[in-house]
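*Asks:* The structure's right below; bear with me while I get my questions together.
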Amino acid sequence: MSATMEAVASAARADAPPAILLDKVNKWYGAMHVLRDVSLSVALGERVVVCGPSGSGKSTLIRCVNRLETHQEGSIKVDGIELSDDLRALDAIRREVGMVFQSFNLFPHLTVLENCTLAPIWVRHMPKAEAEALAMEYLERVKIPEQAMKYPGQLSGGQQQRVAIARALCMKPKIMLFDEPTSALDPEMIKEVLETMVGLAETGMTMVCVTHEMGFARQVADRVVFMDRGEIVEQGPPGEIFENPKTDRLKLFLSQILRGH
Amino acid sequence: MSDAATHTPTPARTPPITLVGPIGWVRTNLFSGWVSSLVSLLLLFLVVKWVLGFLDWGVFNAIWSVPNDAAGRPDTSSCRALAGTGACWAVIGEKHRFILFGTYPYEEQWRALLAILVFIALFIVSAMRRFWRKELALIWIGALTLIGVLMWGGLLGLAYVPQERWGGLVITLILATFGLAFAFPLSILVALGRRSKLPAIKALCVLYVELVRGVPLISVLFMASVMFPLFLPEGMNIDKLLRAQIAIILFAGAYLAEVVRGGLQTLPRGQYEAADALGLSYWKKTGFIILPQALRLVIPPLVNTFIGFFKDTSLVLIIGIFDLLTAGKTAIIEPAWQGFGIEVYLTVGFIYFCFCFAMSSYSQRLEAELNQSRGR
Ligand SMILES: Nc1ncnc2c1ncn2[C@@H]1O[C@H](COP(=O)(O)OP(=O)(O)O)[C@@H](O)[C@H]1O
Ligand SMILES: [Mg+2]
């Protein structure tokens, strides 16, 4: 009996839809073509790092996944739900997808704890006490439980970004998106944020992360995607992408960031 | 190298006494050179002269009450004998109830006084952040109902007083409080509407703001009192005070909407995006994230507009509503008291000042408190 259930469950997992599926996505800002026939599939539990020169459309790509930007052609499916103008689908997707921004975007008028409990209480309709317990659990996970009663303005950049990660996790998302989470930070704070992200990767979270931190990519990424001028130019395991770049564009990009570091 | 090894840090010293404290302040700000010393002394002389002159007029030479003549009317000859060298505060003693309550029936004026006190209590309660909860709305509804019952009467054994007989400070407080209490939420909706993605809503809000800003308040009040009734069906009559009240609400709404919109525009886009990414709906995003920050940013211009409209309620005098200023003006029409306008206008001005100054200093304190909690 239970054996058949197991079999059914594993079969369901096997043909579970990919966490994110982009099919020939195109996007324009006015006349500027910023995403060109982008197709990408991210499996559940997979960790993908997106890199590429500035202005290549990395932010636009991941912002299309939780519909902070709308695409004009092609289709995007998140957790099997097609992104469209349907508001219910949008609500469902935003609950499943957490996002961390380059500039943190914490709510400055709320305490750290309130930042973390707001969405669970008002979107997930969680009782306040439960939401606070959950928030403290995640603040402990990102190692700043003692700052819970402070306001974001009183924290360092690294601490703020860790709060932002905890805030997103409090919604218990299935997928986490990161848009250059460390590029607004001073060097000594980058490490603490990356460590938090490595810890998160170890829990099996599905992650799509725009970053130029090669060490991080090597350590946690299952796949690195290289974008240039709105296209995915190359993708593969980090070792292959970094050691054996096939295209000139990627070689040029790698030489530039290695020189920069 | 050896320098560094033998270096001892210089200990911090307190600045010389002539640079700090009150003495230092006076020296650097008032007497920093012979020009500034001269200007300071000249201004000091003028201030002292005027203050002494005002005390002479307003206190030492003033007459505080006058006897009645044989006919029982006040005999103001002693005041007139002063010929302007002293104030005749007797006019206030005689007319203060008229200034505060207008033509409200004399024996019932305690009700108007009570209404004023309820207003003031309402302001004080609303000012305390402790009471910034949902229950505050109930307190407002309760207080405004109580004021209505007190003023109109007609139940609980209170005699009915028609609205035409209301007047004085109560009218000013009614117009200003109801005006701003309705105009403020209206302005928030309009400001949000101007940023709406729906073109129809946006156009409507723009049209409203531009239309109202394009005409003087006086003309709107005139229209409300003269033209508006022409459009109403025969026999239907909306209270004059209510019409003026609606005109003030619409007017203040448009001005406040522009202030609020200014606040909305200064919020970084990241705040909207973070709220969206967390799945907050439009109204939750607006209520929890956008408005608390945007309104905080515009407290000074908001209060500025509030104060402006508090005083602008006095414009209703042109359509014959008996507000504080009109009552003051009418009080000195009586022949016995003619010529004592300065005393009355000073008093009326002082009452306006008390309310406006309270608003102003409260807003400064609030701003400081709110900024403090942001960790700045
Ligand atoms: N809101 C916007 N309006 C117009 N152009 C934009 C907007 N956002 C991004 N772009 C343009 O789209 C291109 C891709 O931007 P982006 O996705 O932010 O690149 P990346 O994150 O890789 O640096 C850039 O050329 C950028 O100037
Ligand atoms: Mg970017």
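Order determines the names: the first chain of the structure tokens is A, the second B, and so forth; residues in each chain are numbered 1 upward, and ligands are numbered 1 upward as they are shown.
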From a backbone DSSP assignment, name each residue in range 150-371 of chain B labelled helix (DSSP H, G or I), as an NGL selection string.

*Replies:* :B and (150-152 or 163-165 or 169-194 or 199-213 or 217-231 or 240-266 or 269-277 or 282-297 or 299-319 or 324-331 or 335-337 or 341-371)

*Asks:* With the cut-off set at 9 Å and counting only C-alpha atoms and all ligand atoms, tabulate each residue of chain A with an atom at most that distance from an atom of ligand 1, showing the nearest atom pair and its distance in Å to one decimal, ordered by chain and increasing number, as JSON lines.

*Replies:*
{"residue": "A:Trp28", "atom": "CA", "partner": "ligand 1", "partner_atom_place_in_ligand_line": "12 (O)", "distance": 8.1}
{"residue": "A:Tyr29", "atom": "CA", "partner": "ligand 1", "partner_atom_place_in_ligand_line": "4 (C)", "distance": 4.9}
{"residue": "A:Gly30", "atom": "CA", "partner": "ligand 1", "partner_atom_place_in_ligand_line": "4 (C)", "distance": 7.1}
{"residue": "A:Met32", "atom": "CA", "partner": "ligand 1", "partner_atom_place_in_ligand_line": "12 (O)", "distance": 7.3}
{"residue": "A:His33", "atom": "CA", "partner": "ligand 1", "partner_atom_place_in_ligand_line": "12 (O)", "distance": 7.9}
{"residue": "A:Val34", "atom": "CA", "partner": "ligand 1", "partner_atom_place_in_ligand_line": "13 (C)", "distance": 5.3}
{"residue": "A:Leu35", "atom": "CA", "partner": "ligand 1", "partner_atom_place_in_ligand_line": "14 (C)", "distance": 7.9}
{"residue": "A:Cys51", "atom": "CA", "partner": "ligand 1", "partner_atom_place_in_ligand_line": "22 (O)", "distance": 7.9}
{"residue": "A:Gly52", "atom": "CA", "partner": "ligand 1", "partner_atom_place_in_ligand_line": "22 (O)", "distance": 6.5}
{"residue": "A:Pro53", "atom": "CA", "partner": "ligand 1", "partner_atom_place_in_ligand_line": "22 (O)", "distance": 6.2}
{"residue": "A:Ser54", "atom": "CA", "partner": "ligand 1", "partner_atom_place_in_ligand_line": "23 (O)", "distance": 3.7}
{"residue": "A:Gly55", "atom": "CA", "partner": "ligand 1", "partner_atom_place_in_ligand_line": "19 (O)", "distance": 3.4}
{"residue": "A:Ser56", "atom": "CA", "partner": "ligand 1", "partner_atom_place_in_ligand_line": "22 (O)", "distance": 3.9}
{"residue": "A:Gly57", "atom": "CA", "partner": "ligand 1", "partner_atom_place_in_ligand_line": "17 (O)", "distance": 3.2}
{"residue": "A:Lys58", "atom": "CA", "partner": "ligand 1", "partner_atom_place_in_ligand_line": "22 (O)", "distance": 3.8}
{"residue": "A:Ser59", "atom": "CA", "partner": "ligand 1", "partner_atom_place_in_ligand_line": "21 (O)", "distance": 3.6}
{"residue": "A:Thr60", "atom": "CA", "partner": "ligand 1", "partner_atom_place_in_ligand_line": "17 (O)", "distance": 3.7}
{"residue": "A:Leu61", "atom": "CA", "partner": "ligand 1", "partner_atom_place_in_ligand_line": "17 (O)", "distance": 6.4}
{"residue": "A:Ile62", "atom": "CA", "partner": "ligand 1", "partner_atom_place_in_ligand_line": "17 (O)", "distance": 8.3}
{"residue": "A:Arg63", "atom": "CA", "partner": "ligand 1", "partner_atom_place_in_ligand_line": "17 (O)", "distance": 8.3}
{"residue": "A:Glu69", "atom": "CA", "partner": "ligand 1", "partner_atom_place_in_ligand_line": "1 (N)", "distance": 8.4}
{"residue": "A:Asp179", "atom": "CA", "partner": "ligand 1", "partner_atom_place_in_ligand_line": "21 (O)", "distance": 7.8}
{"residue": "A:Glu180", "atom": "CA", "partner": "ligand 1", "partner_atom_place_in_ligand_line": "21 (O)", "distance": 8.3}
{"residue": "A:Val210", "atom": "CA", "partner": "ligand 1", "partner_atom_place_in_ligand_line": "21 (O)", "distance": 8.1}
{"residue": "A:Met227", "atom": "CA", "partner": "ligand 1", "partner_atom_place_in_ligand_line": "22 (O)", "distance": 7.8}
{"residue": "A:Asp228", "atom": "CA", "partner": "ligand 1", "partner_atom_place_in_ligand_line": "22 (O)", "distance": 7.9}
{"residue": "A:Arg229", "atom": "CA", "partner": "ligand 1", "partner_atom_place_in_ligand_line": "14 (C)", "distance": 7.9}
{"residue": "A:Gly230", "atom": "CA", "partner": "ligand 1", "partner_atom_place_in_ligand_line": "14 (C)", "distance": 7.2}

*Asks:* Interatomic distance between CA of Pro335 in chain B and CA of Phe98 in chain B?

*Replies:* 15.7 Å

*Asks:* For chain B, list the residues within 12 Å of chain A, counting only C-alpha atoms, and write the list as a PyMOL selection string.

*Replies:* chain B and resi 267-285+287-297+370-376

*Asks:* Please produce a file of the residues just selected, as a PDB file, in the first residue's frame, where the atoms kept are C-alpha atoms.

*Replies:*
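Produced file result37.pdb, reproduced below:
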ATOM      1  CA  LEU B 267       9.351  57.475  -2.447  1.00  0.00           C
ATOM      2  CA  PRO B 268      11.924  55.322  -4.220  1.00  0.00           C
ATOM      3  CA  ARG B 269      10.577  52.760  -6.671  1.00  0.00           C
ATOM      4  CA  GLY B 270      12.251  49.998  -4.698  1.00  0.00           C
ATOM      5  CA  GLN B 271       9.660  50.370  -1.935  1.00  0.00           C
ATOM      6  CA  TYR B 272       6.838  49.620  -4.354  1.00  0.00           C
ATOM      7  CA  GLU B 273       8.770  46.725  -5.853  1.00  0.00           C
ATOM      8  CA  ALA B 274       9.622  45.160  -2.501  1.00  0.00           C
ATOM      9  CA  ALA B 275       5.962  45.331  -1.474  1.00  0.00           C
ATOM     10  CA  ASP B 276       4.888  43.840  -4.814  1.00  0.00           C
ATOM     11  CA  ALA B 277       7.462  41.074  -4.581  1.00  0.00           C
ATOM     12  CA  LEU B 278       6.102  40.098  -1.153  1.00  0.00           C
ATOM     13  CA  GLY B 279       2.652  39.712  -2.709  1.00  0.00           C
ATOM     14  CA  LEU B 280       0.968  42.619  -0.916  1.00  0.00           C
ATOM     15  CA  SER B 281      -2.204  43.756  -2.674  1.00  0.00           C
ATOM     16  CA  TYR B 282      -2.541  47.326  -3.934  1.00  0.00           C
ATOM     17  CA  TRP B 283      -4.407  48.580  -0.869  1.00  0.00           C
ATOM     18  CA  LYS B 284      -2.205  46.776   1.637  1.00  0.00           C
ATOM     19  CA  LYS B 285       0.888  48.054  -0.121  1.00  0.00           C
ATOM     20  CA  GLY B 287      -1.732  51.420   3.506  1.00  0.00           C
ATOM     21  CA  PHE B 288       1.256  49.766   5.140  1.00  0.00           C
ATOM     22  CA  ILE B 289       4.218  50.810   3.036  1.00  0.00           C
ATOM     23  CA  ILE B 290       3.546  53.763   0.775  1.00  0.00           C
ATOM     24  CA  LEU B 291       1.329  56.173   2.711  1.00  0.00           C
ATOM     25  CA  PRO B 292       3.052  55.923   6.114  1.00  0.00           C
ATOM     26  CA  GLN B 293       6.305  56.945   4.468  1.00  0.00           C
ATOM     27  CA  ALA B 294       4.916  59.445   1.979  1.00  0.00           C
ATOM     28  CA  LEU B 295       2.796  61.301   4.557  1.00  0.00           C
ATOM     29  CA  ARG B 296       5.689  61.455   6.993  1.00  0.00           C
ATOM     30  CA  LEU B 297       7.772  63.170   4.347  1.00  0.00           C
ATOM     31  CA  LEU B 370       8.932  60.062  13.743  1.00  0.00           C
ATOM     32  CA  ASN B 371      12.419  60.728  12.436  1.00  0.00           C
ATOM     33  CA  GLN B 372      13.896  59.527  15.682  1.00  0.00           C
ATOM     34  CA  SER B 373      12.132  56.190  15.345  1.00  0.00           C
ATOM     35  CA  ARG B 374      13.705  55.755  11.925  1.00  0.00           C
ATOM     36  CA  GLY B 375      17.111  55.650  13.497  1.00  0.00           C
ATOM     37  CA  ARG B 376      18.397  58.869  11.987  1.00  0.00           C
TER      38      ARG B 376
END

*Asks:* If you count only C-alpha atoms, which residues fall within 9 Å of Phe216 in chain A, apart from same-chain ones fewer than 4 positions away, as a list in words?

*Replies:*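 Close residues of Phe216 in chain A: Leu194, Glu195, Met197, Val198, Thr211, His212, Val220 and Ala221 of chain A.
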
*Asks:* So that I can check the surroundings of Leu211 in chain B, please list as a list in words every protein, DNA and RNA residue that reaches within 12 Å of it, counting only C-alpha atoms and ignoring chain neighbours fewer than 4 positions away.

*Replies:*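 The contact residues come out as Ala203, Leu204, Cys205, Val206, Leu207, Val215, Pro216, Leu217, Val220, Leu250, Phe251, Gly253, Ala254 and Tyr255 of chain B.
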
*Asks:* Kindly save the residues from that selection, with C-alpha atoms included, as a PDB file, in the first residue's frame.

*Replies:*
ATOM      1  CA  ALA B 203      -8.061  62.072 -15.948  1.00  0.00           C
ATOM      2  CA  LEU B 204     -10.869  62.616 -13.454  1.00  0.00           C
ATOM      3  CA  CYS B 205      -8.420  63.368 -10.640  1.00  0.00           C
ATOM      4  CA  VAL B 206      -6.324  65.702 -12.772  1.00  0.00           C
ATOM      5  CA  LEU B 207      -9.443  67.530 -13.928  1.00  0.00           C
ATOM      6  CA  VAL B 215     -10.540  79.398  -9.234  1.00  0.00           C
ATOM      7  CA  PRO B 216     -10.444  81.419  -5.998  1.00  0.00           C
ATOM      8  CA  LEU B 217     -12.096  79.940  -2.905  1.00  0.00           C
ATOM      9  CA  VAL B 220     -16.515  78.665  -5.063  1.00  0.00           C
ATOM     10  CA  LEU B 250     -13.582  70.183  -2.156  1.00  0.00           C
ATOM     11  CA  PHE B 251     -11.181  73.081  -2.132  1.00  0.00           C
ATOM     12  CA  GLY B 253      -9.013  68.357  -0.933  1.00  0.00           C
ATOM     13  CA  ALA B 254      -7.433  69.568  -4.145  1.00  0.00           C
ATOM     14  CA  TYR B 255      -4.636  71.469  -2.432  1.00  0.00           C
TER      15      TYR B 255
END

*Asks:* Using DSSP secondary structure from the backbone, list all strand (DSSP E) positions within range 180-227 of chain A, as number ranges by chain.

*Replies:* A: 206-210, 223-227

*Asks:* Store the residues of this selection in a file with N, CA and C atoms, as a PDB file, in the first residue's frame.

*Replies:*
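Result went into result_5.pdb, see below:
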ATOM      1  N   THR A 206      15.334  26.326  -4.287  1.00  0.00           N
ATOM      2  CA  THR A 206      15.541  26.666  -5.695  1.00  0.00           C
ATOM      3  C   THR A 206      15.976  28.120  -5.755  1.00  0.00           C
ATOM      4  N   MET A 207      17.138  28.376  -6.369  1.00  0.00           N
ATOM      5  CA  MET A 207      17.660  29.748  -6.368  1.00  0.00           C
ATOM      6  C   MET A 207      18.075  30.187  -7.762  1.00  0.00           C
ATOM      7  N   VAL A 208      17.703  31.415  -8.116  1.00  0.00           N
ATOM      8  CA  VAL A 208      18.258  32.042  -9.317  1.00  0.00           C
ATOM      9  C   VAL A 208      18.938  33.311  -8.848  1.00  0.00           C
ATOM     10  N   CYS A 209      20.242  33.403  -9.122  1.00  0.00           N
ATOM     11  CA  CYS A 209      21.005  34.473  -8.512  1.00  0.00           C
ATOM     12  C   CYS A 209      21.834  35.202  -9.562  1.00  0.00           C
ATOM     13  N   VAL A 210      21.562  36.495  -9.700  1.00  0.00           N
ATOM     14  CA  VAL A 210      22.412  37.315 -10.562  1.00  0.00           C
ATOM     15  C   VAL A 210      23.582  37.780  -9.714  1.00  0.00           C
ATOM     16  N   ARG A 223      24.436  25.395 -12.191  1.00  0.00           N
ATOM     17  CA  ARG A 223      24.550  25.828 -13.578  1.00  0.00           C
ATOM     18  C   ARG A 223      24.830  27.325 -13.588  1.00  0.00           C
ATOM     19  N   VAL A 224      25.663  27.766 -14.510  1.00  0.00           N
ATOM     20  CA  VAL A 224      25.913  29.192 -14.699  1.00  0.00           C
ATOM     21  C   VAL A 224      25.378  29.571 -16.075  1.00  0.00           C
ATOM     22  N   VAL A 225      24.631  30.667 -16.111  1.00  0.00           N
ATOM     23  CA  VAL A 225      24.061  31.138 -17.371  1.00  0.00           C
ATOM     24  C   VAL A 225      24.728  32.458 -17.703  1.00  0.00           C
ATOM     25  N   PHE A 226      25.301  32.566 -18.890  1.00  0.00           N
ATOM     26  CA  PHE A 226      25.953  33.806 -19.289  1.00  0.00           C
ATOM     27  C   PHE A 226      25.073  34.544 -20.294  1.00  0.00           C
ATOM     28  N   MET A 227      24.739  35.788 -19.948  1.00  0.00           N
ATOM     29  CA  MET A 227      23.890  36.590 -20.834  1.00  0.00           C
ATOM     30  C   MET A 227      24.686  37.737 -21.424  1.00  0.00           C
TER      31      MET A 227
END

*Asks:* Measure the distance from CA of Ile92 in chain B to CA of Thr347 in chain B in Å and round it to one decimal.

*Replies:* 7.9 Å

*Asks:* Tell me which protein, DNA and RNA residues are within 8 Å of Ala115 in chain B, counting only C-alpha atoms, leaving out same-chain ones fewer than 3 positions away, and put them as a tab-separated table (two decimals) with all heavy atoms, in the first residue's frame.

*Replies:*
chain	number	residue	atom	x	y	z
B	111	ARG	N	-24.08	75.16	25.91
B	111	ARG	CA	-23.99	74.03	24.98
B	111	ARG	C	-22.91	74.28	23.94
B	111	ARG	O	-22.13	73.39	23.59
B	111	ARG	CB	-25.34	73.81	24.30
B	111	ARG	CG	-26.34	73.14	25.22
B	111	ARG	CD	-27.77	73.36	24.82
B	111	ARG	NE	-28.04	73.04	23.42
B	111	ARG	CZ	-29.23	73.18	22.85
B	111	ARG	NH1	-30.26	73.65	23.55
B	111	ARG	NH2	-29.40	72.87	21.60
B	112	ALA	N	-22.88	75.52	23.42
B	112	ALA	CA	-21.85	75.86	22.42
B	112	ALA	C	-20.46	75.78	23.06
B	112	ALA	O	-19.51	75.29	22.44
B	112	ALA	CB	-22.10	77.24	21.86
B	118	VAL	N	-15.40	69.99	23.55
B	118	VAL	CA	-15.33	68.65	22.95
B	118	VAL	C	-14.39	68.67	21.75
B	118	VAL	O	-13.56	67.77	21.57
B	118	VAL	CB	-16.74	68.16	22.52
B	118	VAL	CG1	-16.63	66.86	21.73
B	118	VAL	CG2	-17.62	67.96	23.73
B	119	PHE	N	-14.48	69.73	20.93
B	119	PHE	CA	-13.56	69.87	19.80
B	119	PHE	C	-12.11	69.84	20.28
B	119	PHE	O	-11.28	69.09	19.75
B	119	PHE	CB	-13.80	71.20	19.07
B	119	PHE	CG	-14.74	71.09	17.90
B	119	PHE	CD1	-15.87	71.88	17.83
B	119	PHE	CD2	-14.48	70.20	16.86
B	119	PHE	CE1	-16.74	71.79	16.75
B	119	PHE	CE2	-15.34	70.11	15.78
B	119	PHE	CZ	-16.47	70.91	15.73
B	146	LEU	N	-21.87	64.01	19.21
B	146	LEU	CA	-22.13	64.75	20.44
B	146	LEU	C	-22.21	66.24	20.16
B	146	LEU	O	-23.12	66.94	20.65
B	146	LEU	CB	-21.02	64.44	21.45
B	146	LEU	CG	-21.10	65.15	22.80
B	146	LEU	CD1	-22.38	64.75	23.52
B	146	LEU	CD2	-19.89	64.82	23.67
B	147	ILE	N	-21.30	66.74	19.34
B	147	ILE	CA	-21.30	68.16	19.01
B	147	ILE	C	-22.59	68.53	18.27
B	147	ILE	O	-23.22	69.54	18.55
B	147	ILE	CB	-20.05	68.52	18.19
B	147	ILE	CG1	-18.82	68.48	19.10
B	147	ILE	CG2	-20.18	69.91	17.56
B	147	ILE	CD1	-17.50	68.46	18.37
B	150	LEU	N	-25.41	68.62	20.77
B	150	LEU	CA	-25.30	69.82	21.61
B	150	LEU	C	-25.75	71.05	20.86
B	150	LEU	O	-26.51	71.89	21.38
B	150	LEU	CB	-23.86	70.00	22.08
B	150	LEU	CG	-23.40	69.14	23.25
B	150	LEU	CD1	-21.90	69.26	23.44
B	150	LEU	CD2	-24.13	69.54	24.52
B	151	MET	N	-25.29	71.19	19.62
B	151	MET	CA	-25.57	72.42	18.88
B	151	MET	C	-27.01	72.50	18.43
B	151	MET	O	-27.65	73.54	18.54
B	151	MET	CB	-24.62	72.53	17.67
B	151	MET	CG	-23.17	72.74	18.03
B	151	MET	SD	-22.88	74.21	19.01
B	151	MET	CE	-23.25	75.49	17.82
B	170	VAL	N	-17.46	78.46	17.36
B	170	VAL	CA	-17.95	77.11	17.04
B	170	VAL	C	-18.01	76.91	15.53
B	170	VAL	O	-17.61	75.86	15.01
B	170	VAL	CB	-19.37	76.91	17.61
B	170	VAL	CG1	-19.74	75.45	17.55
B	170	VAL	CG2	-19.44	77.41	19.02

*Asks:* Excluding Gln245 in chain B and its own-chain neighbours fewer than 5 positions away, which residues fall within 8 Å of it when counting only C-alpha atoms? Please give them as a VMD selection string.

*Replies:* chain B and resid 175 178 to 179

*Asks:* Can you measure CA of Leu158 in chain B to CA of Phe123 in chain B for me? One decimal in Å is fine.

*Replies:*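 Taking CA of Leu158 in chain B as the start and CA of Phe123 in chain B as the end point, the length is 25.4 Å.
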
*Asks:* Let me make sure I understand: among A:Glu46, A:Glu73, A:Glu231, A:Glu240, which one has the smallest atom-to-atom distance to Lys27 in chain A if we use only C-alpha atoms?

*Replies:* A:Glu73
